[in-house]
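To start, the structure itself, in structure tokens.
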Amino acid sequence: MHNANGFLTRIVRDKQLWRFGYRRSFCSLKVTPDDLDNQVLFEGSGCSRTAILNRPPALNALTTHMGVRLHKLYKNWEEDPNIGFVMMKGSGRAFCAGGDIVSIYHLRKRGSPDAIREFFWTLYNFIYFLGTYLKPHVAILNGVTMGGGAGVSIPGTFRVATDRTIFATPETVIGFHPDAGASFNLSHLPGRLGEYLGLTGLKISGAEMLACGLATHYISSTEVPILEQQLKKLLTDDPSVVEATLEKSSKSALFPFFFGRIELLEKCFCHDTVEEIIDSLEVEAGRTKDIWCTTTLRRLKETSPLSLKVALRSVREGRFQTLDQCLIREYRMSLQGTVGNFSGNFCEGVRARLIDKDEAPKWDPPTLEKVTEDMVDNYFSPLTPAEPDLDLPVKLRESI
């Protein structure tokens, strides 16, 4: 166990990879600018500022307006010489459950592709801005941290997980793909952990986030208020000073479950195709009777076949790309998956999991064998030859 812990820690440190409110309403009630601004609150103390994601009934799911407001706040804070570092946290029991996919589903049903484009354009631009931020950043991941919630936290300098943290990238389960920078974040995890998380969408704990490098620090959830007060007293823009404060509060975590399955995970998820991955899991399930194998197999067989193949390719391409390249590619993929030829799977997945909740999505194609290479290739293409790519300020802000 201790050797596995050291193995993972050395991989992360040696490669230095990790320096770096409600659902939208479609009723007739008027939403005021103040209501929208309240989706992201902020507070200041000394030379720090804290952004607070504030849609607790929706687990702080991200909206277009939240992306705009975050970008504006962060830009102002970066330019203010009196502000040394920035923090982000969530209201209620979540940090952030991701993008507001129910709203995107309704926008798709209403025929509003431009609004969907704006959502992804806005969110991905903020993620890039965070990934190139010039000041230390601390994300306090005290609760649910999924999908886009990981996107608006992992690119920052420090990520503090707790015993309440639940991490996942569950997009394939709704017929979509791991996005918001996930192909970059997952692809740089030790071994084949990125493939496992990206394809299955299964959850890991805050302790497991620390072990694999997704989190930089781990504390008890009961100590979060104390840590926040300690950070707010700092008068610094030096990341080493911020880190020293985090280290004083940080605790060692229990050994995660996957420590004992590193070799098995590597053995099963190293293959070139999803079919080979599933075959390998079936062999190991029969040989070892390991509940991890059967749980993983069950999840893969419940998931969109097209999404599985798209996710595998996306994570593996991410290993050889910078953050900006991953976001630009994911933007194309996200439009294909929500307003393009492949949007049917997204709509069906959201319907089955979150609208009707019958847990019986009808995927198209229905099996892996019917997913062609052309389908996967097209998923990675612009909607049309004239469709503009995501425009990121790469000439002004160096990517990681």
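Ligands are numbered from 1 in the order shown, chains are lettered A, B, ... in the order of the structure tokens, and residues start at 1 in each chain.
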ask   = Looking only at the backbone, which of the residues in segment 236-285 of chain A does DSSP tag as helix (DSSP H, G or I), as a PyMOL selection string?
value = chain A and resi 239-249+257-269+274-285
Keeping only C-alpha atoms, write those residues as a PDB file, in the first residue's frame.
ATOM      1  CA  PRO A 239       2.231  30.967  -4.240  1.00  0.00           C
ATOM      2  CA  SER A 240       4.779  29.414  -1.859  1.00  0.00           C
ATOM      3  CA  VAL A 241       3.263  31.359   1.046  1.00  0.00           C
ATOM      4  CA  VAL A 242      -0.239  30.236   0.087  1.00  0.00           C
ATOM      5  CA  GLU A 243       1.012  26.683  -0.263  1.00  0.00           C
ATOM      6  CA  ALA A 244       2.657  26.776   3.165  1.00  0.00           C
ATOM      7  CA  THR A 245      -0.689  27.698   4.725  1.00  0.00           C
ATOM      8  CA  LEU A 246      -2.393  24.860   2.874  1.00  0.00           C
ATOM      9  CA  GLU A 247       0.308  22.429   3.977  1.00  0.00           C
ATOM     10  CA  LYS A 248      -0.208  23.309   7.648  1.00  0.00           C
ATOM     11  CA  SER A 249      -3.873  22.314   7.402  1.00  0.00           C
ATOM     12  CA  PHE A 257      -9.380   1.599  -3.192  1.00  0.00           C
ATOM     13  CA  PHE A 258      -7.653   1.732  -6.558  1.00  0.00           C
ATOM     14  CA  PHE A 259      -4.165   1.361  -5.023  1.00  0.00           C
ATOM     15  CA  GLY A 260      -4.671  -2.372  -5.017  1.00  0.00           C
ATOM     16  CA  ARG A 261      -5.930  -2.317  -8.592  1.00  0.00           C
ATOM     17  CA  ILE A 262      -3.321  -0.193 -10.348  1.00  0.00           C
ATOM     18  CA  GLU A 263      -1.911  -3.152 -12.252  1.00  0.00           C
ATOM     19  CA  LEU A 264      -5.380  -4.472 -13.087  1.00  0.00           C
ATOM     20  CA  LEU A 265      -6.556  -1.054 -14.259  1.00  0.00           C
ATOM     21  CA  GLU A 266      -3.436  -0.689 -16.414  1.00  0.00           C
ATOM     22  CA  LYS A 267      -3.884  -4.173 -17.845  1.00  0.00           C
ATOM     23  CA  CYS A 268      -7.525  -3.657 -18.826  1.00  0.00           C
ATOM     24  CA  PHE A 269      -7.514  -0.036 -20.043  1.00  0.00           C
ATOM     25  CA  VAL A 274     -13.189  -0.067 -26.341  1.00  0.00           C
ATOM     26  CA  GLU A 275     -14.046  -3.602 -27.463  1.00  0.00           C
ATOM     27  CA  GLU A 276     -10.629  -4.835 -26.344  1.00  0.00           C
ATOM     28  CA  ILE A 277     -10.977  -3.037 -23.011  1.00  0.00           C
ATOM     29  CA  ILE A 278     -14.319  -4.731 -22.384  1.00  0.00           C
ATOM     30  CA  ASP A 279     -12.965  -8.133 -23.439  1.00  0.00           C
ATOM     31  CA  SER A 280     -10.057  -7.733 -21.033  1.00  0.00           C
ATOM     32  CA  LEU A 281     -12.380  -6.774 -18.183  1.00  0.00           C
ATOM     33  CA  GLU A 282     -14.560  -9.802 -18.866  1.00  0.00           C
ATOM     34  CA  VAL A 283     -11.542 -12.096 -18.749  1.00  0.00           C
ATOM     35  CA  GLU A 284     -10.367 -10.574 -15.478  1.00  0.00           C
ATOM     36  CA  ALA A 285     -13.872 -10.666 -13.994  1.00  0.00           C
TER      37      ALA A 285
END
Test item, strand (DSSP E or B) assignment across segment 70-254 of chain A, answer as a ChimeraX atom specification = /A:85-90,94-96,99,137-141,144-146,158-162,166-168,204-205,217-219
Take the residues that were just selected and, keeping N, CA and C atoms, output them as a PDB file, in the first residue's frame.
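Generated output (part_13.pdb):
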ATOM      1  N   PHE A  85      -4.104  36.950  -4.322  1.00  0.00           N
ATOM      2  CA  PHE A  85      -4.512  35.620  -4.792  1.00  0.00           C
ATOM      3  C   PHE A  85      -6.028  35.505  -4.739  1.00  0.00           C
ATOM      4  N   VAL A  86      -6.544  34.469  -5.399  1.00  0.00           N
ATOM      5  CA  VAL A  86      -7.981  34.300  -5.596  1.00  0.00           C
ATOM      6  C   VAL A  86      -8.393  32.899  -5.160  1.00  0.00           C
ATOM      7  N   MET A  87      -9.610  32.793  -4.615  1.00  0.00           N
ATOM      8  CA  MET A  87     -10.158  31.493  -4.227  1.00  0.00           C
ATOM      9  C   MET A  87     -11.517  31.284  -4.886  1.00  0.00           C
ATOM     10  N   MET A  88     -11.938  30.021  -4.947  1.00  0.00           N
ATOM     11  CA  MET A  88     -13.268  29.684  -5.444  1.00  0.00           C
ATOM     12  C   MET A  88     -13.842  28.578  -4.582  1.00  0.00           C
ATOM     13  N   LYS A  89     -15.136  28.695  -4.269  1.00  0.00           N
ATOM     14  CA  LYS A  89     -15.819  27.660  -3.510  1.00  0.00           C
ATOM     15  C   LYS A  89     -17.273  27.603  -3.961  1.00  0.00           C
ATOM     16  N   GLY A  90     -18.017  26.627  -3.436  1.00  0.00           N
ATOM     17  CA  GLY A  90     -19.423  26.494  -3.784  1.00  0.00           C
ATOM     18  C   GLY A  90     -20.316  26.655  -2.573  1.00  0.00           C
ATOM     19  N   ALA A  94     -22.284  21.222  -2.531  1.00  0.00           N
ATOM     20  CA  ALA A  94     -21.496  20.962  -3.736  1.00  0.00           C
ATOM     21  C   ALA A  94     -20.496  22.074  -3.970  1.00  0.00           C
ATOM     22  N   PHE A  95     -19.392  21.720  -4.599  1.00  0.00           N
ATOM     23  CA  PHE A  95     -18.560  22.740  -5.220  1.00  0.00           C
ATOM     24  C   PHE A  95     -19.220  23.124  -6.537  1.00  0.00           C
ATOM     25  N   CYS A  96     -19.306  22.178  -7.456  1.00  0.00           N
ATOM     26  CA  CYS A  96     -20.006  22.420  -8.720  1.00  0.00           C
ATOM     27  C   CYS A  96     -20.219  21.091  -9.419  1.00  0.00           C
ATOM     28  N   GLY A  99     -21.778  21.644 -15.916  1.00  0.00           N
ATOM     29  CA  GLY A  99     -22.642  22.550 -16.668  1.00  0.00           C
ATOM     30  C   GLY A  99     -24.106  22.221 -16.454  1.00  0.00           C
ATOM     31  N   HIS A 137      -4.205  30.549  -7.263  1.00  0.00           N
ATOM     32  CA  HIS A 137      -5.633  30.253  -7.198  1.00  0.00           C
ATOM     33  C   HIS A 137      -5.860  29.031  -6.318  1.00  0.00           C
ATOM     34  N   VAL A 138      -6.823  29.134  -5.419  1.00  0.00           N
ATOM     35  CA  VAL A 138      -7.167  28.029  -4.518  1.00  0.00           C
ATOM     36  C   VAL A 138      -8.631  27.667  -4.721  1.00  0.00           C
ATOM     37  N   ALA A 139      -8.897  26.435  -5.161  1.00  0.00           N
ATOM     38  CA  ALA A 139     -10.271  25.938  -5.277  1.00  0.00           C
ATOM     39  C   ALA A 139     -10.540  24.997  -4.110  1.00  0.00           C
ATOM     40  N   ILE A 140     -11.602  25.269  -3.362  1.00  0.00           N
ATOM     41  CA  ILE A 140     -11.960  24.443  -2.208  1.00  0.00           C
ATOM     42  C   ILE A 140     -13.094  23.512  -2.634  1.00  0.00           C
ATOM     43  N   LEU A 141     -12.758  22.273  -2.877  1.00  0.00           N
ATOM     44  CA  LEU A 141     -13.677  21.304  -3.483  1.00  0.00           C
ATOM     45  C   LEU A 141     -14.411  20.522  -2.411  1.00  0.00           C
ATOM     46  N   VAL A 144     -19.638  17.865  -4.076  1.00  0.00           N
ATOM     47  CA  VAL A 144     -19.713  17.335  -5.438  1.00  0.00           C
ATOM     48  C   VAL A 144     -18.882  18.192  -6.388  1.00  0.00           C
ATOM     49  N   THR A 145     -17.983  17.546  -7.117  1.00  0.00           N
ATOM     50  CA  THR A 145     -17.121  18.222  -8.090  1.00  0.00           C
ATOM     51  C   THR A 145     -17.098  17.368  -9.345  1.00  0.00           C
ATOM     52  N   MET A 146     -17.921  17.718 -10.312  1.00  0.00           N
ATOM     53  CA  MET A 146     -18.079  16.876 -11.490  1.00  0.00           C
ATOM     54  C   MET A 146     -18.038  17.703 -12.767  1.00  0.00           C
ATOM     55  N   PHE A 158      -3.951  25.496  -6.916  1.00  0.00           N
ATOM     56  CA  PHE A 158      -4.174  24.564  -5.810  1.00  0.00           C
ATOM     57  C   PHE A 158      -5.621  24.092  -5.796  1.00  0.00           C
ATOM     58  N   ARG A 159      -5.808  22.791  -5.482  1.00  0.00           N
ATOM     59  CA  ARG A 159      -7.145  22.219  -5.332  1.00  0.00           C
ATOM     60  C   ARG A 159      -7.197  21.479  -4.002  1.00  0.00           C
ATOM     61  N   VAL A 160      -8.093  21.919  -3.128  1.00  0.00           N
ATOM     62  CA  VAL A 160      -8.201  21.338  -1.792  1.00  0.00           C
ATOM     63  C   VAL A 160      -9.424  20.425  -1.748  1.00  0.00           C
ATOM     64  N   ALA A 161      -9.193  19.134  -1.621  1.00  0.00           N
ATOM     65  CA  ALA A 161     -10.284  18.162  -1.495  1.00  0.00           C
ATOM     66  C   ALA A 161     -10.551  17.877  -0.021  1.00  0.00           C
ATOM     67  N   THR A 162     -11.729  17.337   0.260  1.00  0.00           N
ATOM     68  CA  THR A 162     -12.102  16.992   1.633  1.00  0.00           C
ATOM     69  C   THR A 162     -12.749  15.608   1.663  1.00  0.00           C
ATOM     70  N   ILE A 166     -16.702  14.500  -3.893  1.00  0.00           N
ATOM     71  CA  ILE A 166     -17.036  13.412  -4.818  1.00  0.00           C
ATOM     72  C   ILE A 166     -16.698  13.904  -6.217  1.00  0.00           C
ATOM     73  N   PHE A 167     -15.764  13.227  -6.867  1.00  0.00           N
ATOM     74  CA  PHE A 167     -15.309  13.639  -8.196  1.00  0.00           C
ATOM     75  C   PHE A 167     -15.763  12.628  -9.242  1.00  0.00           C
ATOM     76  N   ALA A 168     -16.175  13.136 -10.403  1.00  0.00           N
ATOM     77  CA  ALA A 168     -16.492  12.268 -11.541  1.00  0.00           C
ATOM     78  C   ALA A 168     -16.554  13.101 -12.813  1.00  0.00           C
ATOM     79  N   ILE A 204     -14.838   9.005  -7.671  1.00  0.00           N
ATOM     80  CA  ILE A 204     -13.753   8.769  -6.729  1.00  0.00           C
ATOM     81  C   ILE A 204     -13.877   9.795  -5.597  1.00  0.00           C
ATOM     82  N   SER A 205     -13.185   9.552  -4.515  1.00  0.00           N
ATOM     83  CA  SER A 205     -13.286  10.388  -3.324  1.00  0.00           C
ATOM     84  C   SER A 205     -12.221  11.477  -3.325  1.00  0.00           C
ATOM     85  N   HIS A 217      -4.148  19.155  -2.108  1.00  0.00           N
ATOM     86  CA  HIS A 217      -4.198  19.082  -0.651  1.00  0.00           C
ATOM     87  C   HIS A 217      -5.500  18.418  -0.222  1.00  0.00           C
ATOM     88  N   TYR A 218      -5.507  17.923   1.011  1.00  0.00           N
ATOM     89  CA  TYR A 218      -6.676  17.226   1.548  1.00  0.00           C
ATOM     90  C   TYR A 218      -6.860  17.630   3.004  1.00  0.00           C
ATOM     91  N   ILE A 219      -8.086  18.028   3.377  1.00  0.00           N
ATOM     92  CA  ILE A 219      -8.380  18.392   4.762  1.00  0.00           C
ATOM     93  C   ILE A 219      -9.743  17.815   5.145  1.00  0.00           C
TER      94      ILE A 219
END
note = In Å and to one decimal, atom CA of Ser307 of chain A is distant from atom CA of Leu210 of chain A by 27.4 Å
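Atom CA of Leu123 of chain A lies 19.8 Å from atom CA of Ser381 of chain A.
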Give me the residues near Ser304 of chain A as a JSON list (two decimals) with N, CA, C and O atoms, in the first residue's frame, where near means some atom within 7 Å (using only C-alpha atoms) and where sequence neighbours in that chain fewer than 6 positions away do not count.
[["chain", "number", "residue", "atom", "x", "y", "z"],
["A", 172, "THR", "N", -20.21, 10.51, -20.44],
["A", 172, "THR", "CA", -20.57, 9.41, -21.35],
["A", 172, "THR", "C", -21.89, 8.76, -20.96],
["A", 172, "THR", "O", -22.58, 8.19, -21.81],
["A", 173, "VAL", "N", -22.25, 8.86, -19.69],
["A", 173, "VAL", "CA", -23.50, 8.24, -19.21],
["A", 173, "VAL", "C", -24.71, 8.96, -19.77],
["A", 173, "VAL", "O", -25.80, 8.38, -19.86],
["A", 175, "GLY", "N", -24.61, 10.28, -22.90],
["A", 175, "GLY", "CA", -24.44, 10.32, -24.34],
["A", 175, "GLY", "C", -23.60, 11.49, -24.83],
["A", 175, "GLY", "O", -23.73, 11.93, -25.98],
["A", 363, "TRP", "N", -29.71, 4.29, -27.28],
["A", 363, "TRP", "CA", -28.57, 4.90, -27.93],
["A", 363, "TRP", "C", -28.56, 4.65, -29.43],
["A", 363, "TRP", "O", -29.07, 3.64, -29.91]]
message = I'd like the neighbourhood of Phe346 of chain A as a VMD selection string, where a residue qualifies if any of its atoms comes within 12 Å (using only C-alpha atoms), though same-chain residues fewer than 5 positions away should be ignored.
response = chain A and resid 101 to 102 104 to 106 108 to 109 171 to 177 303 to 304 306 to 307 333 to 341 351 to 354 361 to 364
Store the residues picked out above, limited to N, CA, C and O atoms, as a short mmCIF file (atom, residue, chain, number, x, y, z; two decimals), in the first residue's frame.
data_model
loop_
_atom_site.label_atom_id
_atom_site.label_comp_id
_atom_site.auth_asym_id
_atom_site.auth_seq_id
_atom_site.Cartn_x
_atom_site.Cartn_y
_atom_site.Cartn_z
N ILE A 101 -26.78 20.97 -17.75
CA ILE A 101 -27.11 20.21 -18.94
C ILE A 101 -28.62 20.13 -19.18
O ILE A 101 -29.05 19.94 -20.32
N VAL A 102 -29.40 20.26 -18.13
CA VAL A 102 -30.86 20.28 -18.33
C VAL A 102 -31.25 21.51 -19.14
O VAL A 102 -32.10 21.44 -20.04
N ILE A 104 -29.32 23.06 -21.28
CA ILE A 104 -28.85 22.82 -22.65
C ILE A 104 -29.82 21.89 -23.38
O ILE A 104 -30.12 22.09 -24.56
N TYR A 105 -30.31 20.89 -22.69
CA TYR A 105 -31.30 19.98 -23.26
C TYR A 105 -32.53 20.76 -23.74
O TYR A 105 -33.00 20.57 -24.87
N HIS A 106 -33.05 21.66 -22.90
CA HIS A 106 -34.23 22.43 -23.28
C HIS A 106 -33.91 23.41 -24.42
O HIS A 106 -34.76 23.63 -25.30
N ARG A 108 -31.80 22.85 -26.77
CA ARG A 108 -31.76 22.00 -27.97
C ARG A 108 -33.18 21.68 -28.44
O ARG A 108 -33.49 21.75 -29.63
N LYS A 109 -34.06 21.36 -27.51
CA LYS A 109 -35.44 21.03 -27.88
C LYS A 109 -36.17 22.25 -28.44
O LYS A 109 -37.05 22.11 -29.29
N GLU A 171 -19.94 12.31 -18.23
CA GLU A 171 -20.60 12.74 -19.48
C GLU A 171 -21.00 11.59 -20.39
O GLU A 171 -22.02 11.66 -21.09
N THR A 172 -20.21 10.51 -20.44
CA THR A 172 -20.57 9.41 -21.35
C THR A 172 -21.89 8.76 -20.96
O THR A 172 -22.58 8.19 -21.81
N VAL A 173 -22.25 8.86 -19.69
CA VAL A 173 -23.50 8.24 -19.21
C VAL A 173 -24.71 8.96 -19.77
O VAL A 173 -25.80 8.38 -19.86
N ILE A 174 -24.55 10.23 -20.18
CA ILE A 174 -25.66 10.97 -20.79
C ILE A 174 -25.46 11.13 -22.30
O ILE A 174 -26.03 12.01 -22.93
N GLY A 175 -24.61 10.28 -22.90
CA GLY A 175 -24.44 10.32 -24.34
C GLY A 175 -23.60 11.49 -24.83
O GLY A 175 -23.73 11.93 -25.98
N PHE A 176 -22.72 12.00 -23.98
CA PHE A 176 -21.88 13.14 -24.33
C PHE A 176 -20.42 12.69 -24.24
O PHE A 176 -20.11 11.52 -24.41
N HIS A 177 -19.51 13.60 -24.02
CA HIS A 177 -18.09 13.26 -23.90
C HIS A 177 -17.46 14.07 -22.77
O HIS A 177 -17.95 15.16 -22.44
N THR A 303 -23.58 2.56 -21.04
CA THR A 303 -23.17 3.87 -21.55
C THR A 303 -23.30 3.92 -23.07
O THR A 303 -23.24 2.90 -23.76
N SER A 304 -23.45 5.11 -23.61
CA SER A 304 -23.54 5.29 -25.06
C SER A 304 -22.33 4.71 -25.76
O SER A 304 -21.19 5.12 -25.50
N LEU A 306 -21.24 5.19 -28.80
CA LEU A 306 -20.51 6.23 -29.51
C LEU A 306 -19.70 7.08 -28.54
O LEU A 306 -18.53 7.41 -28.79
N SER A 307 -20.28 7.42 -27.41
CA SER A 307 -19.57 8.23 -26.42
C SER A 307 -18.33 7.51 -25.89
O SER A 307 -17.30 8.15 -25.63
N MET A 333 -16.29 19.17 -30.58
CA MET A 333 -16.98 17.95 -30.16
C MET A 333 -18.28 18.27 -29.44
O MET A 333 -19.30 17.61 -29.64
N SER A 334 -18.23 19.30 -28.59
CA SER A 334 -19.42 19.64 -27.80
C SER A 334 -20.55 20.15 -28.69
O SER A 334 -21.73 19.86 -28.43
N LEU A 335 -20.21 20.90 -29.72
CA LEU A 335 -21.26 21.34 -30.65
C LEU A 335 -21.81 20.17 -31.44
O LEU A 335 -23.03 20.06 -31.65
N GLN A 336 -20.93 19.28 -31.88
CA GLN A 336 -21.43 18.09 -32.58
C GLN A 336 -22.35 17.28 -31.68
O GLN A 336 -23.34 16.72 -32.13
N GLY A 337 -22.01 17.23 -30.39
CA GLY A 337 -22.77 16.39 -29.47
C GLY A 337 -24.05 17.01 -28.95
O GLY A 337 -24.87 16.31 -28.35
N THR A 338 -24.24 18.33 -29.18
CA THR A 338 -25.45 18.98 -28.65
C THR A 338 -26.34 19.61 -29.72
O THR A 338 -27.56 19.68 -29.54
N VAL A 339 -25.75 20.08 -30.81
CA VAL A 339 -26.57 20.68 -31.87
C VAL A 339 -26.30 20.06 -33.23
O VAL A 339 -27.00 20.37 -34.21
N GLY A 340 -25.29 19.21 -33.34
CA GLY A 340 -24.92 18.61 -34.61
C GLY A 340 -25.59 17.27 -34.85
O GLY A 340 -26.62 16.93 -34.25
N ASN A 341 -24.95 16.46 -35.71
CA ASN A 341 -25.54 15.19 -36.12
C ASN A 341 -25.65 14.18 -34.99
O ASN A 341 -26.38 13.19 -35.11
N ARG A 351 -32.65 12.91 -21.16
CA ARG A 351 -34.05 12.52 -20.92
C ARG A 351 -34.13 11.33 -19.98
O ARG A 351 -34.89 11.34 -18.99
N ALA A 352 -33.32 10.30 -20.28
CA ALA A 352 -33.41 9.05 -19.51
C ALA A 352 -32.85 9.19 -18.10
O ALA A 352 -33.37 8.57 -17.16
N ARG A 353 -31.81 10.00 -17.94
CA ARG A 353 -31.16 10.09 -16.63
C ARG A 353 -31.74 11.20 -15.76
O ARG A 353 -31.80 11.05 -14.53
N LEU A 354 -32.16 12.32 -16.38
CA LEU A 354 -32.50 13.50 -15.58
C LEU A 354 -33.91 14.04 -15.78
O LEU A 354 -34.41 14.76 -14.92
N PRO A 361 -32.03 4.67 -21.67
CA PRO A 361 -31.76 5.41 -22.90
C PRO A 361 -31.66 4.48 -24.10
O PRO A 361 -31.16 3.35 -23.99
N LYS A 362 -32.11 4.95 -25.24
CA LYS A 362 -32.00 4.20 -26.49
C LYS A 362 -30.92 4.87 -27.33
O LYS A 362 -31.14 5.89 -27.98
N TRP A 363 -29.71 4.29 -27.28
CA TRP A 363 -28.57 4.90 -27.93
C TRP A 363 -28.56 4.65 -29.43
O TRP A 363 -29.07 3.64 -29.91
N ASP A 364 -27.95 5.58 -30.15
CA ASP A 364 -27.81 5.47 -31.60
C ASP A 364 -26.36 5.80 -31.98
O ASP A 364 -25.96 6.95 -31.82
#
